[in-house]
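**Student:** Below is the file structure_28.json, with JSON, C-alpha atoms and all ligand atoms.
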```json
[["chain", "number", "residue", "atom", "x", "y", "z"],
["A", 344, "MET", "CA", -33.03, 269.09, 66.99],
["A", 345, "THR", "CA", -29.93, 266.94, 67.46],
["A", 346, "GLU", "CA", -29.48, 263.17, 67.21],
["A", 347, "THR", "CA", -26.64, 260.78, 67.95],
["A", 348, "TYR", "CA", -25.07, 258.67, 65.20],
["A", 349, "ARG", "CA", -21.91, 256.64, 64.62],
["A", 350, "VAL", "CA", -19.56, 257.20, 61.74],
["A", 351, "THR", "CA", -19.43, 254.24, 59.35],
["A", 352, "SER", "CA", -17.03, 255.80, 56.84],
["A", 353, "THR", "CA", -15.62, 259.19, 55.93],
["A", 354, "GLN", "CA", -14.92, 261.09, 52.74],
["A", 355, "LYS", "CA", -13.31, 264.51, 52.31],
["A", 356, "ASN", "CA", -15.95, 266.62, 54.05],
["A", 357, "THR", "CA", -18.84, 264.20, 54.43],
["A", 358, "ALA", "CA", -19.33, 261.11, 56.54],
["A", 359, "GLN", "CA", -21.74, 258.20, 56.33],
["A", 360, "LEU", "CA", -23.50, 257.75, 59.63],
["A", 361, "VAL", "CA", -25.80, 255.22, 61.23],
["A", 362, "HIS", "CA", -28.28, 256.26, 63.94],
["A", 363, "THR", "CA", -27.37, 254.72, 67.28],
["A", 364, "SER", "CA", -30.91, 253.50, 68.03],
["A", 365, "ASN", "CA", -33.07, 253.36, 64.90],
["A", 366, "HIS", "CA", -30.12, 252.52, 62.54],
["A", 367, "GLN", "CA", -31.19, 255.07, 59.94],
["A", 368, "VAL", "CA", -28.33, 255.76, 57.52],
["A", 369, "ILE", "CA", -27.51, 259.34, 56.48],
["A", 370, "THR", "CA", -24.73, 261.42, 54.93],
["A", 371, "ALA", "CA", -23.60, 264.45, 56.93],
["A", 372, "PHE", "CA", -21.18, 267.31, 56.34],
["A", 373, "PHE", "CA", -18.48, 268.22, 58.83],
["A", 374, "PRO", "CA", -16.08, 271.14, 59.25],
["A", 375, "ARG", "CA", -12.55, 270.16, 58.20],
["A", 376, "LYS", "CA", -10.99, 270.60, 61.63],
["A", 377, "PHE", "CA", -13.29, 267.89, 63.07],
["A", 378, "LYS", "CA", -11.50, 264.94, 61.44],
["A", 379, "PRO", "CA", -14.08, 262.28, 62.35],
["A", 380, "ILE", "CA", -13.02, 258.65, 61.92],
["A", 381, "CYS", "CA", -14.88, 255.40, 61.53],
["A", 382, "GLY", "CA", -16.54, 254.40, 64.80],
["A", 383, "ASP", "CA", -16.80, 257.93, 66.19],
["A", 384, "GLU", "CA", -19.99, 258.82, 67.99],
["A", 385, "VAL", "CA", -21.26, 262.16, 66.72],
["A", 386, "VAL", "CA", -24.04, 264.63, 67.44],
["A", 387, "VAL", "CA", -25.82, 265.76, 64.28],
["A", 388, "GLU", "CA", -27.98, 268.81, 63.66],
["A", 389, "THR", "CA", -30.30, 269.41, 60.73],
["A", 390, "LEU", "CA", -29.83, 272.67, 58.86],
["A", 391, "LYS", "CA", -31.98, 273.49, 55.82],
["A", 392, "ASN", "CA", -32.52, 269.83, 54.95],
["A", 393, "GLU", "CA", -28.82, 269.15, 55.36],
["A", 394, "PHE", "CA", -27.18, 267.10, 58.08],
["A", 395, "ARG", "CA", -24.17, 268.52, 59.82],
["A", 396, "ILE", "CA", -21.89, 266.99, 62.46],
["A", 397, "LYS", "CA", -21.98, 269.35, 65.43],
["A", 398, "LYS", "CA", -19.79, 267.49, 67.88],
["A", 399, "ILE", "CA", -17.64, 264.36, 68.13],
["A", 400, "SER", "CA", -18.03, 262.60, 71.48],
["A", 401, "LYS", "CA", -14.87, 261.84, 73.41],
["A", 402, "ARG", "CA", -13.33, 258.58, 72.15],
["A", 403, "PHE", "CA", -12.83, 255.89, 74.79],
["A", 404, "ASN", "CA", -10.02, 254.50, 72.64],
["A", 405, "SER", "CA", -8.81, 254.34, 69.08],
["A", 406, "PHE", "CA", -7.01, 251.88, 66.91],
["A", 407, "CYS", "CA", -3.97, 253.57, 65.33],
["A", 408, "ARG", "CA", -0.94, 252.93, 63.18],
["A", 409, "ALA", "CA", 2.08, 254.87, 62.00],
["A", 410, "ASP", "CA", 1.77, 256.81, 58.78],
["A", 411, "SER", "CA", 4.70, 256.88, 56.37],
["A", 412, "ARG", "CA", 6.42, 259.53, 58.49],
["A", 413, "GLY", "CA", 5.95, 257.77, 61.79],
["A", 414, "ARG", "CA", 3.10, 259.90, 63.04],
["A", 415, "LYS", "CA", 0.24, 258.31, 64.91],
["A", 416, "GLN", "CA", -2.68, 257.88, 62.52],
["A", 417, "HIS", "CA", -6.12, 257.18, 63.98],
["A", 418, "ILE", "CA", -7.96, 254.49, 62.03],
["A", 419, "ALA", "CA", -11.08, 253.68, 64.05],
["A", 420, "ALA", "CA", -12.59, 254.88, 67.31],
["A", 421, "ASN", "CA", -14.43, 253.27, 70.21],
["A", 422, "VAL", "CA", -13.40, 249.73, 69.39],
["A", 423, "ASP", "CA", -14.08, 246.87, 71.84],
["A", 424, "GLN", "CA", -12.23, 244.12, 70.02],
["A", 425, "ILE", "CA", -9.65, 243.65, 67.33],
["A", 426, "MET", "CA", -9.47, 240.54, 65.19],
["A", 427, "VAL", "CA", -5.85, 240.42, 64.12],
["A", 428, "VAL", "CA", -5.85, 238.30, 60.98],
["A", 429, "VAL", "CA", -2.78, 236.49, 59.73],
["A", 430, "ALA", "CA", -2.67, 233.83, 57.02],
["A", 431, "THR", "CA", -0.48, 231.12, 55.58],
["A", 432, "GLU", "CA", -0.16, 233.41, 52.55],
["A", 433, "PRO", "CA", 0.91, 236.15, 52.44],
["A", 434, "GLU", "CA", 3.07, 234.94, 55.33],
["A", 435, "PRO", "CA", 3.09, 237.20, 58.39],
["A", 436, "THR", "CA", 6.00, 239.60, 58.50],
["A", 437, "ARG", "CA", 8.28, 239.34, 61.52],
["A", 438, "ASP", "CA", 6.84, 240.71, 64.78],
["A", 439, "ILE", "CA", 3.58, 241.78, 63.15],
["A", 440, "LEU", "CA", 1.40, 239.94, 65.69],
["A", 441, "ASN", "CA", 3.31, 241.42, 68.60],
["A", 442, "ARG", "CA", 3.03, 244.93, 67.21],
["A", 443, "TYR", "CA", -0.73, 244.60, 66.89],
["A", 444, "LEU", "CA", -0.85, 243.21, 70.43],
["A", 445, "VAL", "CA", 1.14, 246.15, 71.80],
["A", 446, "VAL", "CA", -1.45, 248.58, 70.42],
["A", 447, "ALA", "CA", -4.37, 246.42, 71.55],
["A", 448, "GLU", "CA", -3.00, 246.24, 75.10],
["A", 449, "ILE", "CA", -2.21, 249.97, 75.27],
["A", 450, "GLU", "CA", -5.61, 251.02, 73.92],
["A", 451, "GLY", "CA", -7.60, 248.47, 75.92],
["A", 452, "ILE", "CA", -8.93, 246.67, 72.83],
["A", 453, "THR", "CA", -9.50, 242.94, 73.40],
["A", 454, "PRO", "CA", -7.42, 241.04, 70.83],
["A", 455, "LEU", "CA", -8.65, 237.90, 69.09],
["A", 456, "LEU", "CA", -6.02, 236.20, 66.95],
["A", 457, "VAL", "CA", -7.31, 234.77, 63.70],
["A", 458, "PHE", "CA", -5.21, 232.29, 61.73],
["A", 459, "ASN", "CA", -6.83, 232.16, 58.30],
["A", 460, "LYS", "CA", -6.40, 230.05, 55.16],
["A", 461, "SER", "CA", -5.84, 226.93, 57.26],
["A", 462, "ASP", "CA", -6.94, 224.95, 54.17],
["A", 463, "LEU", "CA", -3.61, 225.76, 52.49],
["A", 464, "ASP", "CA", -1.46, 224.36, 55.29],
["A", 465, "PRO", "CA", -3.31, 223.09, 58.37],
["A", 466, "LEU", "CA", -0.13, 222.73, 60.46],
["A", 467, "TYR", "CA", 1.50, 226.05, 59.59],
["A", 468, "PHE", "CA", 0.43, 227.90, 62.75],
["A", 469, "VAL", "CA", 0.39, 225.03, 65.27],
["A", 470, "ASN", "CA", 3.34, 226.29, 67.33],
["A", 471, "THR", "CA", 2.30, 229.93, 67.12],
["A", 472, "ILE", "CA", -1.25, 229.14, 68.27],
["A", 473, "ASN", "CA", 0.16, 227.08, 71.11],
["A", 474, "GLN", "CA", 2.38, 229.88, 72.31],
["A", 475, "TYR", "CA", -0.26, 232.62, 72.13],
["A", 476, "GLU", "CA", -2.87, 230.44, 73.82],
["A", 477, "GLN", "CA", -0.40, 229.86, 76.65],
["A", 478, "LEU", "CA", -0.05, 233.61, 76.97],
["A", 479, "GLY", "CA", -3.83, 233.75, 77.40],
["A", 480, "TYR", "CA", -4.85, 235.03, 73.98],
["A", 481, "ARG", "CA", -7.88, 233.58, 72.22],
["A", 482, "CYS", "CA", -6.91, 232.01, 68.91],
["A", 483, "PHE", "CA", -9.19, 230.98, 66.03],
["A", 484, "LYS", "CA", -8.27, 228.82, 63.04],
["A", 485, "THR", "CA", -10.41, 229.72, 60.03],
["A", 486, "GLN", "CA", -10.78, 229.15, 56.32],
["A", 487, "LYS", "CA", -13.28, 230.75, 54.02],
["A", 488, "HIS", "CA", -14.36, 227.57, 52.23],
["A", 489, "ASP", "CA", -15.68, 226.09, 55.47],
["A", 490, "PRO", "CA", -18.15, 228.51, 57.11],
["A", 491, "SER", "CA", -18.30, 226.34, 60.26],
["A", 492, "THR", "CA", -14.75, 227.50, 61.05],
["A", 493, "VAL", "CA", -16.00, 231.07, 61.58],
["A", 494, "ALA", "CA", -18.94, 230.14, 63.83],
["A", 495, "ASP", "CA", -16.93, 230.66, 67.04],
["A", 496, "LEU", "CA", -15.50, 233.89, 65.74],
["A", 497, "LYS", "CA", -18.91, 235.17, 64.73],
["A", 498, "SER", "CA", -20.29, 234.47, 68.19],
["A", 499, "GLN", "CA", -17.75, 236.98, 69.57],
["A", 500, "LEU", "CA", -19.31, 239.86, 67.65],
["A", 501, "ALA", "CA", -22.58, 240.30, 69.54],
["A", 502, "ASN", "CA", -23.11, 243.70, 71.22],
["A", 503, "LYS", "CA", -19.59, 244.84, 70.37],
["A", 504, "THR", "CA", -17.63, 246.93, 67.90],
["A", 505, "THR", "CA", -14.93, 244.79, 66.31],
["A", 506, "ILE", "CA", -12.24, 245.80, 63.83],
["A", 507, "LEU", "CA", -10.51, 243.37, 61.51],
["A", 508, "ALA", "CA", -6.89, 244.26, 60.86],
["A", 509, "GLY", "CA", -4.00, 242.60, 59.10],
["A", 510, "GLN", "CA", -1.90, 242.56, 55.98],
["A", 511, "SER", "CA", -3.46, 242.99, 52.56],
["A", 512, "GLY", "CA", -4.72, 239.67, 51.21],
["A", 513, "VAL", "CA", -5.00, 237.71, 54.47],
["A", 514, "GLY", "CA", -8.78, 237.49, 54.08],
["A", 515, "LYS", "CA", -10.30, 240.22, 56.29],
["A", 516, "SER", "CA", -13.09, 241.03, 53.82],
["A", 517, "SER", "CA", -13.65, 237.34, 53.09],
["A", 518, "LEU", "CA", -14.12, 236.67, 56.83],
["A", 519, "THR", "CA", -16.35, 239.74, 57.28],
["A", 520, "GLN", "CA", -18.48, 238.48, 54.40],
["A", 521, "LEU", "CA", -18.75, 235.01, 55.96],
["A", 522, "MET", "CA", -19.75, 236.42, 59.34],
["A", 523, "MET", "CA", -22.25, 238.83, 57.79],
["A", 524, "PRO", "CA", -23.65, 237.08, 54.70],
["A", 525, "ALA", "CA", -26.06, 239.94, 53.91],
["A", 526, "LEU", "CA", -23.11, 242.13, 52.89],
["A", 527, "ASP", "CA", -21.64, 242.19, 49.41],
["A", 528, "LEU", "CA", -17.93, 242.84, 49.88],
["A", 529, "LYS", "CA", -15.19, 242.95, 47.31],
["A", 530, "THR", "CA", -12.29, 240.55, 47.82],
["A", 531, "GLY", "CA", -9.15, 240.36, 45.72],
["A", 532, "LYS", "CA", -6.63, 237.79, 44.57],
["A", 533, "LEU", "CA", -3.00, 237.90, 45.64],
["A", 534, "SER", "CA", -0.56, 239.10, 43.02],
["A", 535, "SER", "CA", 0.86, 236.07, 41.19],
["A", 536, "LYS", "CA", 4.18, 237.91, 40.92],
["A", 537, "THR", "CA", 4.79, 239.05, 44.50],
["A", 538, "GLY", "CA", 2.35, 236.88, 46.47],
["A", 539, "LYS", "CA", 1.17, 240.04, 48.20],
["A", 540, "GLY", "CA", -2.40, 241.24, 48.58],
["A", 541, "ALA", "CA", -3.85, 243.64, 46.03],
["A", 542, "HIS", "CA", -5.11, 246.28, 48.53],
["A", 543, "THR", "CA", -8.66, 245.49, 47.51],
["A", 544, "THR", "CA", -10.37, 247.28, 50.40],
["A", 545, "SER", "CA", -9.59, 250.98, 50.13],
["A", 546, "VAL", "CA", -11.56, 252.57, 52.97],
["A", 547, "THR", "CA", -12.18, 251.70, 56.58],
["A", 548, "GLN", "CA", -15.86, 250.86, 56.76],
["A", 549, "MET", "CA", -18.14, 249.90, 59.63],
["A", 550, "TYR", "CA", -21.08, 247.55, 59.03],
["A", 551, "HIS", "CA", -23.96, 247.05, 61.44],
["A", 552, "ASP", "CA", -25.69, 243.73, 62.03],
["A", 553, "VAL", "CA", -29.11, 244.24, 63.58],
["A", 554, "ASP", "CA", -29.61, 240.62, 64.67],
["A", 555, "LEU", "CA", -26.31, 240.46, 66.55],
["A", 556, "ASN", "CA", -26.35, 244.14, 67.50],
["A", 557, "ALA", "CA", -22.78, 244.08, 66.25],
["A", 558, "ASN", "CA", -20.59, 246.59, 64.48],
["A", 559, "ILE", "CA", -17.82, 245.16, 62.38],
["A", 560, "ILE", "CA", -15.11, 247.33, 60.84],
["A", 561, "ASP", "CA", -13.30, 246.08, 57.75],
["A", 562, "SER", "CA", -10.08, 248.00, 57.22],
["A", 563, "PRO", "CA", -7.71, 248.20, 54.26],
["A", 564, "GLY", "CA", -4.76, 245.86, 54.60],
["A", 565, "VAL", "CA", -1.25, 247.12, 54.98],
["A", 566, "TRP", "CA", 1.93, 245.45, 53.83],
["A", 567, "GLU", "CA", 3.61, 246.17, 57.14],
["A", 568, "TYR", "CA", 1.90, 247.33, 60.31],
["A", 569, "GLY", "CA", 4.14, 249.96, 61.86],
["A", 570, "LEU", "CA", 4.10, 251.50, 65.33],
["A", 571, "TRP", "CA", 4.55, 255.22, 65.77],
["A", 572, "LEU", "CA", 7.37, 256.55, 67.98],
["A", 573, "MET", "CA", 6.92, 254.94, 71.39],
["A", 574, "GLU", "CA", 9.00, 254.73, 74.54],
["A", 575, "ALA", "CA", 10.42, 251.34, 75.55],
["A", 576, "ALA", "CA", 8.16, 251.43, 78.63],
["A", 577, "GLU", "CA", 5.09, 251.74, 76.46],
["A", 578, "ILE", "CA", 6.18, 248.84, 74.24],
["A", 579, "ALA", "CA", 6.96, 246.72, 77.32],
["A", 580, "SER", "CA", 3.48, 247.40, 78.69],
["A", 581, "GLY", "CA", 2.10, 245.72, 75.56],
["A", 582, "PHE", "CA", 3.90, 242.44, 76.34],
["A", 583, "ILE", "CA", 1.56, 240.75, 78.83],
["A", 584, "ASP", "CA", 4.18, 238.14, 79.74],
["A", 585, "PHE", "CA", 6.30, 240.98, 81.18],
["A", 586, "ASP", "CA", 3.53, 242.11, 83.56],
["A", 587, "ASP", "CA", 4.53, 239.95, 86.53],
["A", 588, "TYR", "CA", 8.07, 241.39, 86.52],
["A", 589, "MET", "CA", 7.28, 245.06, 86.04],
["A", 590, "GLY", "CA", 8.62, 247.33, 88.75],
["A", 591, "GLN", "CA", 11.19, 244.74, 89.89],
["A", 592, "CYS", "CA", 14.18, 245.97, 87.89],
["A", 593, "LYS", "CA", 17.04, 247.76, 89.67],
["A", 594, "PHE", "CA", 16.44, 250.96, 87.70],
["A", 595, "SER", "CA", 12.97, 252.41, 87.62],
["A", 596, "ASN", "CA", 13.57, 253.63, 84.05],
["A", 597, "CYS", "CA", 14.92, 250.24, 82.90],
["A", 598, "THR", "CA", 14.31, 249.60, 79.20],
["A", 599, "HIS", "CA", 15.00, 245.86, 79.71],
["A", 600, "THR", "CA", 17.50, 245.89, 76.86],
["A", 601, "HIS", "CA", 20.95, 245.96, 78.49],
["A", 602, "GLU", "CA", 20.65, 247.18, 82.08],
["A", 603, "PRO", "CA", 22.06, 245.15, 85.01],
["A", 604, "LYS", "CA", 19.68, 243.52, 87.51],
["A", 605, "CYS", "CA", 16.81, 243.63, 85.05],
["A", 606, "ALA", "CA", 13.87, 241.46, 86.15],
["A", 607, "ILE", "CA", 12.70, 240.94, 82.56],
["A", 608, "GLN", "CA", 16.11, 239.73, 81.37],
["A", 609, "ALA", "CA", 16.29, 237.44, 84.42],
["A", 610, "ALA", "CA", 12.85, 236.04, 83.59],
["A", 611, "VAL", "CA", 14.01, 235.32, 80.04],
["A", 612, "GLN", "CA", 17.07, 233.54, 81.40],
["A", 613, "SER", "CA", 15.01, 231.40, 83.77],
["A", 614, "GLY", "CA", 12.61, 230.52, 80.95],
["A", 615, "HIS", "CA", 9.59, 232.33, 82.43],
["A", 616, "ILE", "CA", 9.47, 234.67, 79.45],
["A", 617, "LYS", "CA", 9.95, 232.98, 76.08],
["A", 618, "GLU", "CA", 13.12, 233.96, 74.26],
["A", 619, "ASN", "CA", 11.33, 234.62, 70.94],
["A", 620, "ARG", "CA", 8.95, 237.11, 72.56],
["A", 621, "TYR", "CA", 11.85, 238.91, 74.25],
["A", 622, "GLN", "CA", 13.84, 239.05, 70.99],
["A", 623, "SER", "CA", 10.75, 240.45, 69.28],
["A", 624, "TYR", "CA", 10.48, 243.10, 72.03],
["A", 625, "LEU", "CA", 14.14, 244.04, 71.45],
["A", 626, "ARG", "CA", 13.59, 244.38, 67.70],
["A", 627, "ILE", "CA", 10.49, 246.54, 68.19],
["A", 628, "VAL", "CA", 12.35, 248.82, 70.64],
["A", 629, "ASP", "CA", 15.28, 248.99, 68.23],
["A", 630, "SER", "CA", 12.99, 249.83, 65.29],
["A", 631, "MET", "CA", 12.04, 253.08, 67.03],
["A", 632, "LYS", "CA", 15.49, 254.40, 66.08],
["A", 633, "TYR", "CA", 14.17, 254.68, 62.56],
["A", 634, "TRP", "CA", 11.70, 257.41, 63.62],
["A", 635, "SER", "CA", 13.91, 259.17, 66.17],
["A", 636, "GLN", "CA", 16.69, 259.57, 63.57],
["A", 637, "LYS", "CA", 14.30, 261.24, 61.13],
["B", 701, "LIG", "N1", -7.38, 229.42, 50.20],
["B", 701, "LIG", "C1", -7.94, 230.41, 50.86],
["B", 701, "LIG", "N2", -8.06, 231.62, 50.30],
["B", 701, "LIG", "C2", -8.64, 232.61, 51.02],
["B", 701, "LIG", "C3", -9.13, 232.41, 52.33],
["B", 701, "LIG", "N3", -9.61, 233.59, 52.79],
["B", 701, "LIG", "C4", -9.45, 234.47, 51.79],
["B", 701, "LIG", "N4", -8.87, 233.89, 50.72],
["B", 701, "LIG", "C5", -8.50, 234.53, 49.44],
["B", 701, "LIG", "O1", -7.47, 235.50, 49.68],
["B", 701, "LIG", "C6", -7.62, 236.60, 48.78],
["B", 701, "LIG", "C7", -7.65, 237.89, 49.57],
["B", 701, "LIG", "O2", -8.82, 237.95, 50.36],
["B", 701, "LIG", "P1", -9.48, 239.32, 50.86],
["B", 701, "LIG", "O3", -10.66, 238.95, 51.71],
["B", 701, "LIG", "O4", -9.72, 240.25, 49.74],
["B", 701, "LIG", "O5", -8.29, 239.87, 51.76],
["B", 701, "LIG", "P2", -8.23, 241.24, 52.60],
["B", 701, "LIG", "O6", -7.50, 240.92, 53.85],
["B", 701, "LIG", "O7", -9.59, 241.83, 52.74],
["B", 701, "LIG", "O8", -7.30, 242.14, 51.65],
["B", 701, "LIG", "P3", -7.24, 243.78, 51.54],
["B", 701, "LIG", "O9", -8.63, 244.28, 51.34],
["B", 701, "LIG", "O10", -6.34, 244.00, 50.36],
["B", 701, "LIG", "O11", -6.62, 244.25, 52.80],
["B", 701, "LIG", "C8", -8.89, 236.31, 47.98],
["B", 701, "LIG", "O12", -8.53, 235.73, 46.74],
["B", 701, "LIG", "C9", -9.65, 235.33, 48.83],
["B", 701, "LIG", "O13", -10.51, 234.49, 48.09],
["B", 701, "LIG", "C10", -9.01, 231.08, 52.89],
["B", 701, "LIG", "O14", -9.41, 230.80, 54.03],
["B", 701, "LIG", "N5", -8.40, 230.15, 52.13],
["B", 702, "MG", "MG", -10.35, 243.67, 52.18],
["B", 703, "ZN", "ZN", 14.40, 245.74, 83.16]]
```
As a first step, turn the structure in this file into structure tokens.

**Tutor:**
Amino acid sequence: MTETYRVTSTQKNTAQLVHTSNHQVITAFFPRKFKPICGDEVVVETLKNEFRIKKISKRFNSFCRADSRGRKQHIAANVDQIMVVVATEPEPTRDILNRYLVVAEIEGITPLLVFNKSDLDPLYFVNTINQYEQLGYRCFKTQKHDPSTVADLKSQLANKTTILAGQSGVGKSSLTQLMMPALDLKTGKLSSKTGKGAHTTSVTQMYHDVDLNANIIDSPGVWEYGLWLMEAAEIASGFIDFDDYMGQCKFSNCTHTHEPKCAIQAAVQSGHIKENRYQSYLRIVDSMKYWSQK
């Protein structure tokens, strides 16, 4: 007999799974070549009292990042939403929000931007929130000491699979804990020396909330979120403010960096695309040199 489950976490050759309808939790073995990831839907067979993953269903998307060598690393599969968490401390690194947004747009994952630790400096993100709201992104200002600030965010979880991503120490586990009080998650202090997070969460883990019918994935923080080797066109497709001008450049293979009669550069000049977003696009395109030179 076979049954369908979703992967909640993986170890070397076993995975924790949750049944898609009765929510029973089991541990199953898998052949090495399968490489299941958190969020995968899998078919399981029972062999001599042992569960075994027989098949991984086709992923409708996956949230990825670059590994240390610039290869695309799959973190979680079949994700509806991403809560990109930034905080007043550790401060966001340059372009980090835009890099997350590029991946969200490419993979068809709805981004929700979460500005946490607003208690430390309530005005810190005012301009950023303004700008991203104007672009059409949903922004949430939160702080862990005031649970009412996560009520709106929590209401977004119902009937969806949501991943929380962001730098180490921004408060992903703290927010997960607030939204799902039945959990008992570890959170960690920032280093007093560097002000960076302590990489408290070490595995990507999916939690299921029966009342909300929600899956929430808490992922380990990174110091810097890097994109794998991408073409300029792919990066441009992740900037929603470029959408209206796509296909209007003189050259069909325009990278919008230096070419004449470029509709994107013209839109920056006329103020229709904000200069800081365009400069961020240029830096992200330029950063790809790092991988292509390797
Ligand atoms: N002042 C303040 N501190 C917060 C807030 N949210 C989280 N923290 C603190 O920030 C530290 C890091 O929080 P975590 O929830 O462990 O952060 P994380 O993003 O899960 O970090 P990693 O698991 O390392 O990726 C902890 O000391 C939390 O108590 C907040 O809204 N305000
Ligand atoms: Mg954590
Ligand atoms: Zn162009």

**Student:** Any idea what's packed within 12 Å of stretch 471-476 of chain A, counting only C-alpha atoms, ignoring anything in its chain fewer than 2 positions away? Could you give it as a CSV table (one decimal) with C-alpha atoms, keeping the file's coordinate frame?

**Tutor:**
```
chain,number,residue,atom,x,y,z
A,429,VAL,CA,-2.8,236.5,59.7
A,430,ALA,CA,-2.7,233.8,57.0
A,431,THR,CA,-0.5,231.1,55.6
A,435,PRO,CA,3.1,237.2,58.4
A,438,ASP,CA,6.8,240.7,64.8
A,440,LEU,CA,1.4,239.9,65.7
A,441,ASN,CA,3.3,241.4,68.6
A,444,LEU,CA,-0.8,243.2,70.4
A,454,PRO,CA,-7.4,241.0,70.8
A,455,LEU,CA,-8.6,237.9,69.1
A,456,LEU,CA,-6.0,236.2,67.0
A,457,VAL,CA,-7.3,234.8,63.7
A,458,PHE,CA,-5.2,232.3,61.7
A,459,ASN,CA,-6.8,232.2,58.3
A,465,PRO,CA,-3.3,223.1,58.4
A,466,LEU,CA,-0.1,222.7,60.5
A,467,TYR,CA,1.5,226.0,59.6
A,468,PHE,CA,0.4,227.9,62.8
A,469,VAL,CA,0.4,225.0,65.3
A,478,LEU,CA,0.0,233.6,77.0
A,479,GLY,CA,-3.8,233.8,77.4
A,480,TYR,CA,-4.8,235.0,74.0
A,481,ARG,CA,-7.9,233.6,72.2
A,482,CYS,CA,-6.9,232.0,68.9
A,483,PHE,CA,-9.2,231.0,66.0
A,484,LYS,CA,-8.3,228.8,63.0
A,582,PHE,CA,3.9,242.4,76.3
A,583,ILE,CA,1.6,240.8,78.8
A,584,ASP,CA,4.2,238.1,79.7
A,616,ILE,CA,9.5,234.7,79.4
A,617,LYS,CA,10.0,233.0,76.1
A,618,GLU,CA,13.1,234.0,74.3
A,619,ASN,CA,11.3,234.6,70.9
A,620,ARG,CA,9.0,237.1,72.6
```

**Student:** Using all atoms listed in the file, which of the listed residues (A:Ser580, A:Gln548, A:Asn556, A:Gln486) sits closest to A:Thr351?

**Tutor:**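 Between A:Ser580, A:Gln548, A:Asn556, A:Gln486, the residue approaching A:Thr351 most closely is A:Gln548.
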
**Student:** Would you name the residues within 10 Å of ligand LIG 701 (chain B), counting all atoms listed in the file, and put them as a VMD selection string?

**Tutor:** chain A and resid 428 to 433 458 to 464 484 to 490 492 507 to 521 528 to 534 539 to 547 561 to 566

**Student:** Hey, which residues sit close to ligand ZN 703 (chain B)? Say within 12 Å, counting only C-alpha atoms and all ligand atoms, and write them as number ranges by chain.

**Tutor:** A: 575-576, 579-580, 585-611, 621, 625

**Student:** So which residues touch A:His366 within 12 Å, counting all atoms listed in the file, skipping near sequence neighbours fewer than 4 positions away, as a list in words?

**Tutor:**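 The filter keeps Glu346, Thr347, Tyr348, Arg349, Val350, Thr351, Gln359, Leu360, Val361, His362, Tyr550, His551, Asp552, Val553, Asn556, Ala557 and Asn558 of chain A.
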
**Student:** What is the distance, in Å and to one decimal place, between atom CA of A:Ser498 and atom CA of A:Pro524?

**Tutor:** 14.1 Å

**Student:** Nearest residue to A:Gly581 out of A:Pro374, A:Gly614, A:Gly382, A:Gly451, using all atoms listed in the file?

**Tutor:**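 The answer is A:Gly451, which sits nearest to A:Gly581.
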
**Student:** What is the atom CA of A:Arg442 to atom CA of A:Ser623 distance in Å?

**Tutor:**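 Straight-line distance from atom CA of A:Arg442 to atom CA of A:Ser623 works out to 9.2 Å.
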
**Student:** Report as a PyMOL selection string all protein, DNA and RNA residues lying within 6 Å of stretch 389-395 of chain A, evaluated on only C-alpha atoms, omitting residues in the same chain fewer than 4 positions from it.

**Tutor:** chain A and resi 371-373
